[in-house]
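Asks: Please find data15.json (JSON, C-alpha atoms) on the next line:
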[["chain", "number", "residue", "atom", "x", "y", "z"],
["I", 1, "MET", "CA", 0.00, 0.00, 0.00],
["I", 2, "LYS", "CA", 2.77, 2.40, 0.94],
["I", 3, "ARG", "CA", 4.60, 1.48, -2.23],
["I", 4, "LYS", "CA", 1.55, 2.32, -4.35],
["I", 5, "LEU", "CA", 1.12, 5.61, -2.50],
["I", 6, "LEU", "CA", 4.76, 6.57, -3.09],
["I", 7, "LEU", "CA", 4.42, 5.62, -6.75],
["I", 8, "PHE", "CA", 1.26, 7.74, -7.03],
["I", 9, "ILE", "CA", 3.00, 10.75, -5.49],
["I", 10, "LEU", "CA", 6.04, 10.30, -7.71],
["I", 11, "VAL", "CA", 3.93, 10.12, -10.89],
["I", 12, "ASN", "CA", 2.04, 13.26, -9.95],
["I", 13, "LEU", "CA", 5.24, 15.10, -9.18],
["I", 14, "ILE", "CA", 6.61, 14.16, -12.61],
["I", 15, "LEU", "CA", 3.37, 15.16, -14.33],
["I", 16, "GLY", "CA", 3.30, 18.43, -12.42],
["I", 17, "PHE", "CA", 6.88, 19.17, -13.40],
["I", 18, "SER", "CA", 6.08, 18.41, -17.04],
["I", 19, "ILE", "CA", 3.11, 20.76, -17.06],
["I", 20, "ASN", "CA", 5.13, 23.54, -15.47],
["I", 21, "ALA", "CA", 8.16, 23.01, -17.67],
["I", 22, "PHE", "CA", 6.42, 22.50, -21.00],
["I", 23, "GLY", "CA", 2.94, 23.96, -20.68],
["I", 24, "GLN", "CA", 3.21, 27.19, -18.76],
["I", 25, "GLU", "CA", 2.03, 30.46, -20.24],
["I", 26, "ARG", "CA", 4.60, 33.24, -20.40],
["I", 27, "PHE", "CA", 4.04, 36.91, -21.07],
["I", 28, "VAL", "CA", 5.82, 40.10, -22.09],
["I", 29, "VAL", "CA", 4.03, 42.64, -19.92],
["I", 30, "PRO", "CA", 4.08, 46.29, -21.10],
["I", 31, "ILE", "CA", 6.39, 48.75, -19.38],
["I", 32, "ASP", "CA", 6.85, 52.46, -20.02],
["I", 33, "GLU", "CA", 9.81, 54.11, -18.34],
["I", 34, "GLY", "CA", 9.47, 57.13, -20.64],
["I", 35, "LYS", "CA", 7.02, 58.72, -18.23],
["I", 36, "LYS", "CA", 9.76, 58.88, -15.59],
["I", 37, "ASP", "CA", 11.73, 61.50, -17.54],
["I", 38, "ALA", "CA", 9.79, 64.75, -17.94],
["I", 39, "SER", "CA", 11.87, 66.07, -20.84],
["I", 40, "PHE", "CA", 11.54, 62.84, -22.80],
["I", 41, "ASN", "CA", 7.83, 62.53, -22.06],
["I", 42, "THR", "CA", 7.24, 66.04, -23.42],
["I", 43, "PHE", "CA", 9.40, 65.31, -26.47],
["I", 44, "ARG", "CA", 7.60, 62.03, -27.17],
["I", 45, "ALA", "CA", 4.17, 63.66, -26.98],
["I", 46, "LYS", "CA", 5.26, 66.33, -29.47],
["I", 47, "LEU", "CA", 6.72, 63.71, -31.81],
["I", 48, "ILE", "CA", 3.54, 61.61, -31.70],
["I", 49, "THR", "CA", 1.50, 64.69, -32.62],
["I", 50, "ALA", "CA", 3.86, 65.39, -35.53],
["I", 51, "LEU", "CA", 3.64, 61.79, -36.75],
["I", 52, "LYS", "CA", -0.14, 61.91, -36.78],
["I", 53, "LYS", "CA", 0.09, 65.00, -38.99],
["I", 54, "LYS", "CA", 2.84, 63.40, -41.13],
["I", 55, "ASP", "CA", 4.99, 66.43, -40.40],
["I", 56, "LYS", "CA", 8.15, 65.60, -42.35],
["I", 57, "LYS", "CA", 9.94, 68.82, -41.40],
["I", 58, "TYR", "CA", 9.67, 68.16, -37.68],
["I", 59, "LEU", "CA", 10.53, 64.50, -38.03],
["I", 60, "ILE", "CA", 13.72, 65.24, -39.96],
["I", 61, "SER", "CA", 14.67, 67.87, -37.36],
["I", 62, "ILE", "CA", 14.82, 65.26, -34.60],
["I", 63, "LEU", "CA", 16.87, 62.70, -36.53],
["I", 64, "ASP", "CA", 20.45, 62.11, -35.44],
["I", 65, "PRO", "CA", 22.86, 62.75, -38.36],
["I", 66, "ASN", "CA", 24.05, 59.15, -38.06],
["I", 67, "ILE", "CA", 20.69, 57.52, -37.44],
["I", 68, "LYS", "CA", 20.81, 53.75, -37.95],
["I", 69, "VAL", "CA", 18.30, 52.63, -40.54],
["I", 70, "SER", "CA", 19.20, 48.95, -40.94],
["I", 71, "PHE", "CA", 21.85, 46.39, -40.09],
["I", 72, "GLY", "CA", 22.91, 46.37, -43.73],
["I", 73, "GLY", "CA", 24.94, 49.58, -43.57],
["I", 74, "ASP", "CA", 22.15, 52.11, -44.11],
["I", 75, "ASP", "CA", 22.94, 55.04, -41.83],
["I", 76, "GLY", "CA", 22.24, 58.75, -41.90],
["I", 77, "ILE", "CA", 19.33, 61.03, -42.73],
["I", 78, "THR", "CA", 19.53, 60.56, -46.51],
["I", 79, "ASP", "CA", 19.39, 56.78, -46.17],
["I", 80, "PHE", "CA", 16.49, 57.17, -43.73],
["I", 81, "LYS", "CA", 14.51, 59.25, -46.24],
["I", 82, "ASN", "CA", 15.20, 56.82, -49.07],
["I", 83, "PHE", "CA", 14.57, 53.68, -47.05],
["I", 84, "TRP", "CA", 11.19, 54.86, -45.80],
["I", 85, "GLU", "CA", 10.22, 56.80, -48.93],
["I", 86, "ILE", "CA", 8.84, 59.56, -46.77],
["I", 87, "ASP", "CA", 7.83, 61.72, -49.73],
["I", 88, "LYS", "CA", 5.29, 59.10, -50.79],
["I", 89, "ALA", "CA", 1.75, 59.41, -49.50],
["I", 90, "ASP", "CA", 1.59, 55.70, -48.67],
["I", 91, "SER", "CA", 4.89, 55.54, -46.75],
["I", 92, "LYS", "CA", 4.66, 52.95, -43.98],
["I", 93, "LEU", "CA", 6.93, 55.02, -41.73],
["I", 94, "TRP", "CA", 4.22, 57.01, -39.98],
["I", 95, "ASN", "CA", 2.18, 54.03, -38.83],
["I", 96, "GLU", "CA", 5.23, 51.93, -37.89],
["I", 97, "LEU", "CA", 6.81, 54.69, -35.82],
["I", 98, "LEU", "CA", 3.51, 55.59, -34.15],
["I", 99, "LEU", "CA", 2.98, 51.95, -33.23],
["I", 100, "ALA", "CA", 6.41, 51.81, -31.61],
["I", 101, "LEU", "CA", 6.06, 55.07, -29.69],
["I", 102, "ASN", "CA", 2.55, 54.33, -28.41],
["I", 103, "ASN", "CA", 3.65, 51.10, -26.75],
["I", 104, "GLY", "CA", 5.97, 51.93, -23.91],
["I", 105, "GLY", "CA", 9.69, 51.34, -23.75],
["I", 106, "LYS", "CA", 12.75, 51.27, -21.55],
["I", 107, "PHE", "CA", 15.78, 53.42, -20.70],
["I", 108, "ILE", "CA", 19.19, 51.87, -21.20],
["I", 109, "ASN", "CA", 22.21, 53.44, -19.56],
["I", 110, "GLU", "CA", 25.57, 52.87, -21.25],
["I", 111, "GLY", "CA", 28.27, 54.91, -19.57],
["I", 112, "ASN", "CA", 27.22, 58.54, -19.70],
["I", 113, "THR", "CA", 24.68, 57.89, -22.44],
["I", 114, "LYS", "CA", 20.99, 57.56, -21.61],
["I", 115, "THR", "CA", 18.99, 55.87, -24.36],
["I", 116, "PHE", "CA", 15.26, 55.22, -24.56],
["I", 117, "CYS", "CA", 14.00, 52.48, -26.89],
["I", 118, "ALA", "CA", 10.41, 51.59, -27.81],
["I", 119, "PRO", "CA", 8.27, 49.52, -27.93],
["I", 120, "TYR", "CA", 8.38, 47.45, -24.75],
["I", 121, "SER", "CA", 8.20, 44.11, -26.59],
["I", 122, "PHE", "CA", 11.87, 44.12, -27.63],
["I", 123, "TRP", "CA", 13.34, 44.77, -24.18],
["I", 124, "GLY", "CA", 10.93, 42.64, -22.21],
["I", 125, "PHE", "CA", 11.40, 39.46, -24.22],
["I", 126, "PRO", "CA", 13.04, 36.61, -22.20],
["I", 127, "ASP", "CA", 16.63, 35.71, -23.06],
["I", 128, "ASP", "CA", 16.00, 31.96, -22.96],
["I", 129, "LEU", "CA", 13.59, 32.03, -25.93],
["I", 130, "ASP", "CA", 14.59, 32.46, -29.57],
["I", 131, "SER", "CA", 13.34, 35.88, -30.69],
["I", 132, "PHE", "CA", 13.23, 34.62, -34.30],
["I", 133, "GLU", "CA", 11.01, 31.68, -33.37],
["I", 134, "TYR", "CA", 8.48, 33.29, -31.03],
["I", 135, "ASN", "CA", 6.18, 36.29, -31.15],
["I", 136, "VAL", "CA", 4.11, 38.20, -28.62],
["I", 137, "ILE", "CA", 0.44, 39.08, -28.44],
["I", 138, "PHE", "CA", 0.64, 42.85, -28.77],
["I", 139, "GLY", "CA", -2.48, 43.82, -26.89],
["I", 140, "ASN", "CA", -4.87, 43.21, -24.02],
["I", 141, "ASN", "CA", -7.87, 40.86, -24.24],
["I", 142, "VAL", "CA", -7.16, 39.81, -27.83],
["I", 143, "ARG", "CA", -9.72, 37.24, -28.93],
["I", 144, "LEU", "CA", -8.45, 33.78, -29.78],
["I", 145, "ARG", "CA", -10.92, 32.24, -32.23],
["I", 146, "SER", "CA", -11.51, 28.70, -33.44],
["I", 147, "LYS", "CA", -11.42, 29.80, -37.10],
["I", 148, "PRO", "CA", -10.06, 32.82, -39.01],
["I", 149, "ASP", "CA", -13.45, 34.50, -39.00],
["I", 150, "LEU", "CA", -15.03, 37.19, -36.83],
["I", 151, "SER", "CA", -18.17, 35.07, -36.50],
["I", 152, "SER", "CA", -16.31, 31.99, -35.23],
["I", 153, "ASP", "CA", -16.31, 30.84, -31.62],
["I", 154, "ILE", "CA", -14.09, 32.66, -29.13],
["I", 155, "ILE", "CA", -11.84, 30.20, -27.33],
["I", 156, "THR", "CA", -10.47, 32.72, -24.84],
["I", 157, "ASN", "CA", -8.89, 36.17, -24.58],
["I", 158, "LEU", "CA", -5.11, 36.57, -24.68],
["I", 159, "SER", "CA", -3.08, 39.39, -23.15],
["I", 160, "TYR", "CA", 0.63, 39.76, -23.91],
["I", 161, "ASN", "CA", 1.20, 35.99, -24.25],
["I", 162, "ILE", "CA", 4.31, 34.63, -25.91],
["I", 163, "VAL", "CA", 3.21, 32.56, -28.91],
["I", 164, "LYS", "CA", 4.49, 30.57, -31.86],
["I", 165, "VAL", "CA", 2.97, 31.36, -35.25],
["I", 166, "ASP", "CA", 2.10, 28.69, -37.81],
["I", 167, "TYR", "CA", 2.66, 30.80, -40.93],
["I", 168, "GLU", "CA", 1.81, 28.00, -43.35],
["I", 169, "ASN", "CA", -1.74, 27.83, -42.00],
["I", 170, "SER", "CA", -2.19, 31.54, -41.32],
["I", 171, "VAL", "CA", -4.45, 33.52, -43.66],
["I", 172, "ARG", "CA", -3.18, 36.29, -45.90],
["I", 173, "ASP", "CA", -5.05, 39.53, -46.45],
["I", 174, "SER", "CA", -7.33, 39.35, -49.48],
["I", 175, "LYS", "CA", -6.35, 42.90, -50.51],
["I", 176, "ASN", "CA", -2.63, 42.64, -49.80],
["I", 177, "ASN", "CA", -1.02, 39.23, -50.19],
["I", 178, "GLU", "CA", 2.21, 40.47, -48.56],
["I", 179, "VAL", "CA", 0.62, 40.61, -45.09],
["I", 180, "PHE", "CA", -1.49, 38.29, -42.96],
["I", 181, "ALA", "CA", -5.05, 39.01, -41.91],
["I", 182, "TRP", "CA", -5.20, 36.11, -39.44],
["I", 183, "ALA", "CA", -2.36, 34.37, -37.63],
["I", 184, "LYS", "CA", -2.69, 30.79, -36.51],
["I", 185, "ILE", "CA", -0.93, 30.62, -33.14],
["I", 186, "GLU", "CA", -0.16, 28.37, -30.23],
["I", 187, "THR", "CA", 0.66, 29.73, -26.79],
["I", 188, "LEU", "CA", 3.32, 28.19, -24.58],
["I", 189, "GLY", "CA", 0.46, 26.83, -22.49],
["I", 190, "GLY", "CA", -0.91, 24.89, -25.46],
["I", 191, "LEU", "CA", -3.84, 27.12, -26.46],
["I", 192, "LYS", "CA", -4.38, 27.05, -30.24],
["I", 193, "GLY", "CA", -6.45, 29.12, -32.61],
["I", 194, "PHE", "CA", -6.54, 32.24, -34.76],
["I", 195, "VAL", "CA", -6.01, 35.88, -33.82],
["I", 196, "SER", "CA", -6.13, 39.03, -35.88],
["I", 197, "ALA", "CA", -2.58, 39.37, -37.24],
["I", 198, "GLU", "CA", -2.32, 43.03, -36.24],
["I", 199, "TYR", "CA", -2.05, 41.88, -32.61],
["I", 200, "VAL", "CA", 0.92, 39.58, -33.23],
["I", 201, "ARG", "CA", 4.37, 41.17, -33.16],
["I", 202, "SER", "CA", 7.89, 39.86, -33.43],
["I", 203, "PRO", "CA", 10.11, 40.99, -30.52],
["I", 204, "ILE", "CA", 12.69, 42.07, -33.12],
["I", 205, "ASP", "CA", 10.25, 44.09, -35.21],
["I", 206, "TYR", "CA", 10.85, 47.82, -35.70],
["I", 207, "ARG", "CA", 11.97, 49.75, -32.63],
["I", 208, "ALA", "CA", 12.98, 53.37, -32.19],
["I", 209, "CYS", "CA", 15.82, 54.60, -29.98],
["I", 210, "PHE", "CA", 16.48, 58.11, -28.72],
["I", 211, "GLU", "CA", 19.39, 59.86, -27.02],
["I", 212, "LYS", "CA", 19.70, 63.31, -25.50],
["I", 213, "THR", "CA", 22.45, 65.33, -27.20],
["I", 214, "ASN", "CA", 23.29, 68.91, -26.17],
["I", 215, "GLY", "CA", 20.02, 69.10, -24.28],
["I", 216, "LYS", "CA", 17.90, 67.86, -27.18],
["I", 217, "TRP", "CA", 16.40, 64.42, -27.82],
["I", 218, "LYS", "CA", 17.35, 62.85, -31.14],
["I", 219, "MET", "CA", 16.24, 59.60, -32.76],
["I", 220, "THR", "CA", 19.37, 57.52, -33.20],
["I", 221, "ALA", "CA", 17.86, 54.35, -34.67],
["I", 222, "PHE", "CA", 14.73, 52.94, -36.20],
["I", 223, "VAL", "CA", 15.54, 49.36, -37.11],
["I", 224, "ALA", "CA", 14.23, 45.82, -37.25],
["I", 225, "GLY", "CA", 16.20, 42.63, -36.76],
["I", 226, "ASP", "CA", 18.85, 41.58, -34.31]]
Output the file's structure in the form of C-alpha cells.
Replies:
Amino acid sequence: MKRKLLLFILVNLILGFSINAFGQERFVVPIDEGKKDASFNTFRAKLITALKKKDKKYLISILDPNIKVSFGGDDGITDFKNFWEIDKADSKLWNELLLALNNGGKFINEGNTKTFCAPYSFWGFPDDLDSFEYNVIFGNNVRLRSKPDLSSDIITNLSYNIVKVDYENSVRDSKNNEVFAWAKIETLGGLKGFVSAEYVRSPIDYRACFEKTNGKWKMTAFVAGD
C-alpha cells in the first residue's frame, strides 16, 4: 500500500513538473519608463502629434545625423529618407513609428549615455527564448478564435502571451497578399487558434531609440532585426 502511494505521489510530481516546464504560459508585460523623464515625455508627446500630422519637417529635425536605418549599412538622414520613402503618400513610416512610440519602452544606460527604446516588446522578451522563433500578443484581451473568421467561436482572450505562429496555415489579407489578416498561433500553455494578425508582433520588429544630445532628444535608430 505504501509502495503504491509513493508511486502515485512520484507520478504526480513528474506530471506536475512536465506541465510547469512545457505547458506554462509566459508573457511580455508592457512597461513604459518614458514617463519617468519629464523632458523625454514632453518630447515624445510632441513627436507623436507630428507623426499623426505626417509632419516631415519636424521628423527630420529630430533625426540624429548618423541615425541607424538597418543592419545592412544604411545610416544617416539621406538613407532614412530613401529607405522609408517619406515623400510618398503611402509611406509605412508614420504608422510603424507611431505603433512603436505608443507602446511603452525602456531606458538603457551605457556609460554617460541615456537611451530610450520603444516599444516594450523588444526589451521585455526573455533571453532563454529564440526571438526569431516566437512572437508576442501585442495587446490586451485579444480574442483567440476557433477559425479565421469574426463570426467563429471565441476560445479565450489573450493578453501579452508569448506565442508561436504557424505561418503555413495563417491567412493572408485578401487585398494585400504580402501581409497576414489572421495568424494561426499556439501559446506556450498549449492554447491554439486564430487571432487578428495586427495583434501579433515579433520581438525584433521595428523599434525606435532616442538619445539626448546637447540638451535635445534625437532619434538615433529605427531598425528591425537583431
Asks: Leaving out I:Phe107 and any residue of its chain fewer than 6 positions from it, which residues lie within 7 Å of it when counting only C-alpha atoms, given as a CSV table (one decimal) with C-alpha atoms, keeping the file's coordinate frame?
Replies:
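Full text of part_23.csv as output:
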chain,number,residue,atom,x,y,z
I,33,GLU,CA,9.8,54.1,-18.3
I,114,LYS,CA,21.0,57.6,-21.6
I,115,THR,CA,19.0,55.9,-24.4
I,116,PHE,CA,15.3,55.2,-24.6
I,117,CYS,CA,14.0,52.5,-26.9
Asks: Measuring between all atoms listed in the file, which one of I:Leu99, I:Val171, I:Leu188, I:Leu150 shows the shortest distance to I:Arg207?
Replies: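 For I:Arg207, the nearest of the given residues is I:Leu99.
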Asks: Taking into account all atoms listed in the file, which residue in the set I:Leu129, I:Met219, I:Leu63, I:Ala224 is nearest to I:Phe40?
Replies: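 Among I:Leu129, I:Met219, I:Leu63, I:Ala224, it is I:Met219 that comes nearest to I:Phe40.
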Asks: May I ask which of the residues I:Ser174, I:Asn161, I:Asn141, I:Ser91 is the closest one to I:Ser121, counting only C-alpha atoms?
Replies: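 Checking each of I:Ser174, I:Asn161, I:Asn141, I:Ser91 against I:Ser121, counting only C-alpha atoms, the winner is I:Asn161.
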Asks: For I:Ala118, which residue among I:Gly73, I:Gly105, I:Gly139, I:Gly189 is the nearest when counting all atoms listed in the file?
Replies: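 The closest residue to I:Ala118 is I:Gly105.
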Asks: Grab the atom CA of I:Pro119 to atom CA of I:Val29 distance for me, in Å with one decimal place.
Replies: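 One can read the atom CA of I:Pro119 to atom CA of I:Val29 distance as 11.4 Å.
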Asks: Separation of atom CA of I:Thr156 and atom CA of I:Tyr120, in Å?
Replies: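 It comes out at 23.9 Å.
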Asks: So which one's closest to I:Val179, I:Lys192, I:Val136, I:Val200, I:Ala208? Using all atoms listed in the file, please.
Replies: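 The answer is I:Val200, which sits nearest to I:Val179.
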Asks: Please indicate the distance in Å from atom CA of I:Lys56 to atom CA of I:Ala38, rounded to one decimal place.
Replies: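 Interatomic distance, atom CA of I:Lys56 to atom CA of I:Ala38: 24.5 Å.
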Asks: Between I:Ile60, I:Ile137, I:Ala45, I:Ile162, which one has atoms that come closest to I:Gly76, using only C-alpha atoms?
Replies: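 For I:Gly76, the nearest of the candidates is I:Ile60.
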Asks: Give as a ChimeraX atom specification each residue that has an atom at most 8 Å from (-4.1, 40.0, -34.5) in the file, counting all atoms listed in the file.
Replies: /I:137-138,142,181-183,195-200
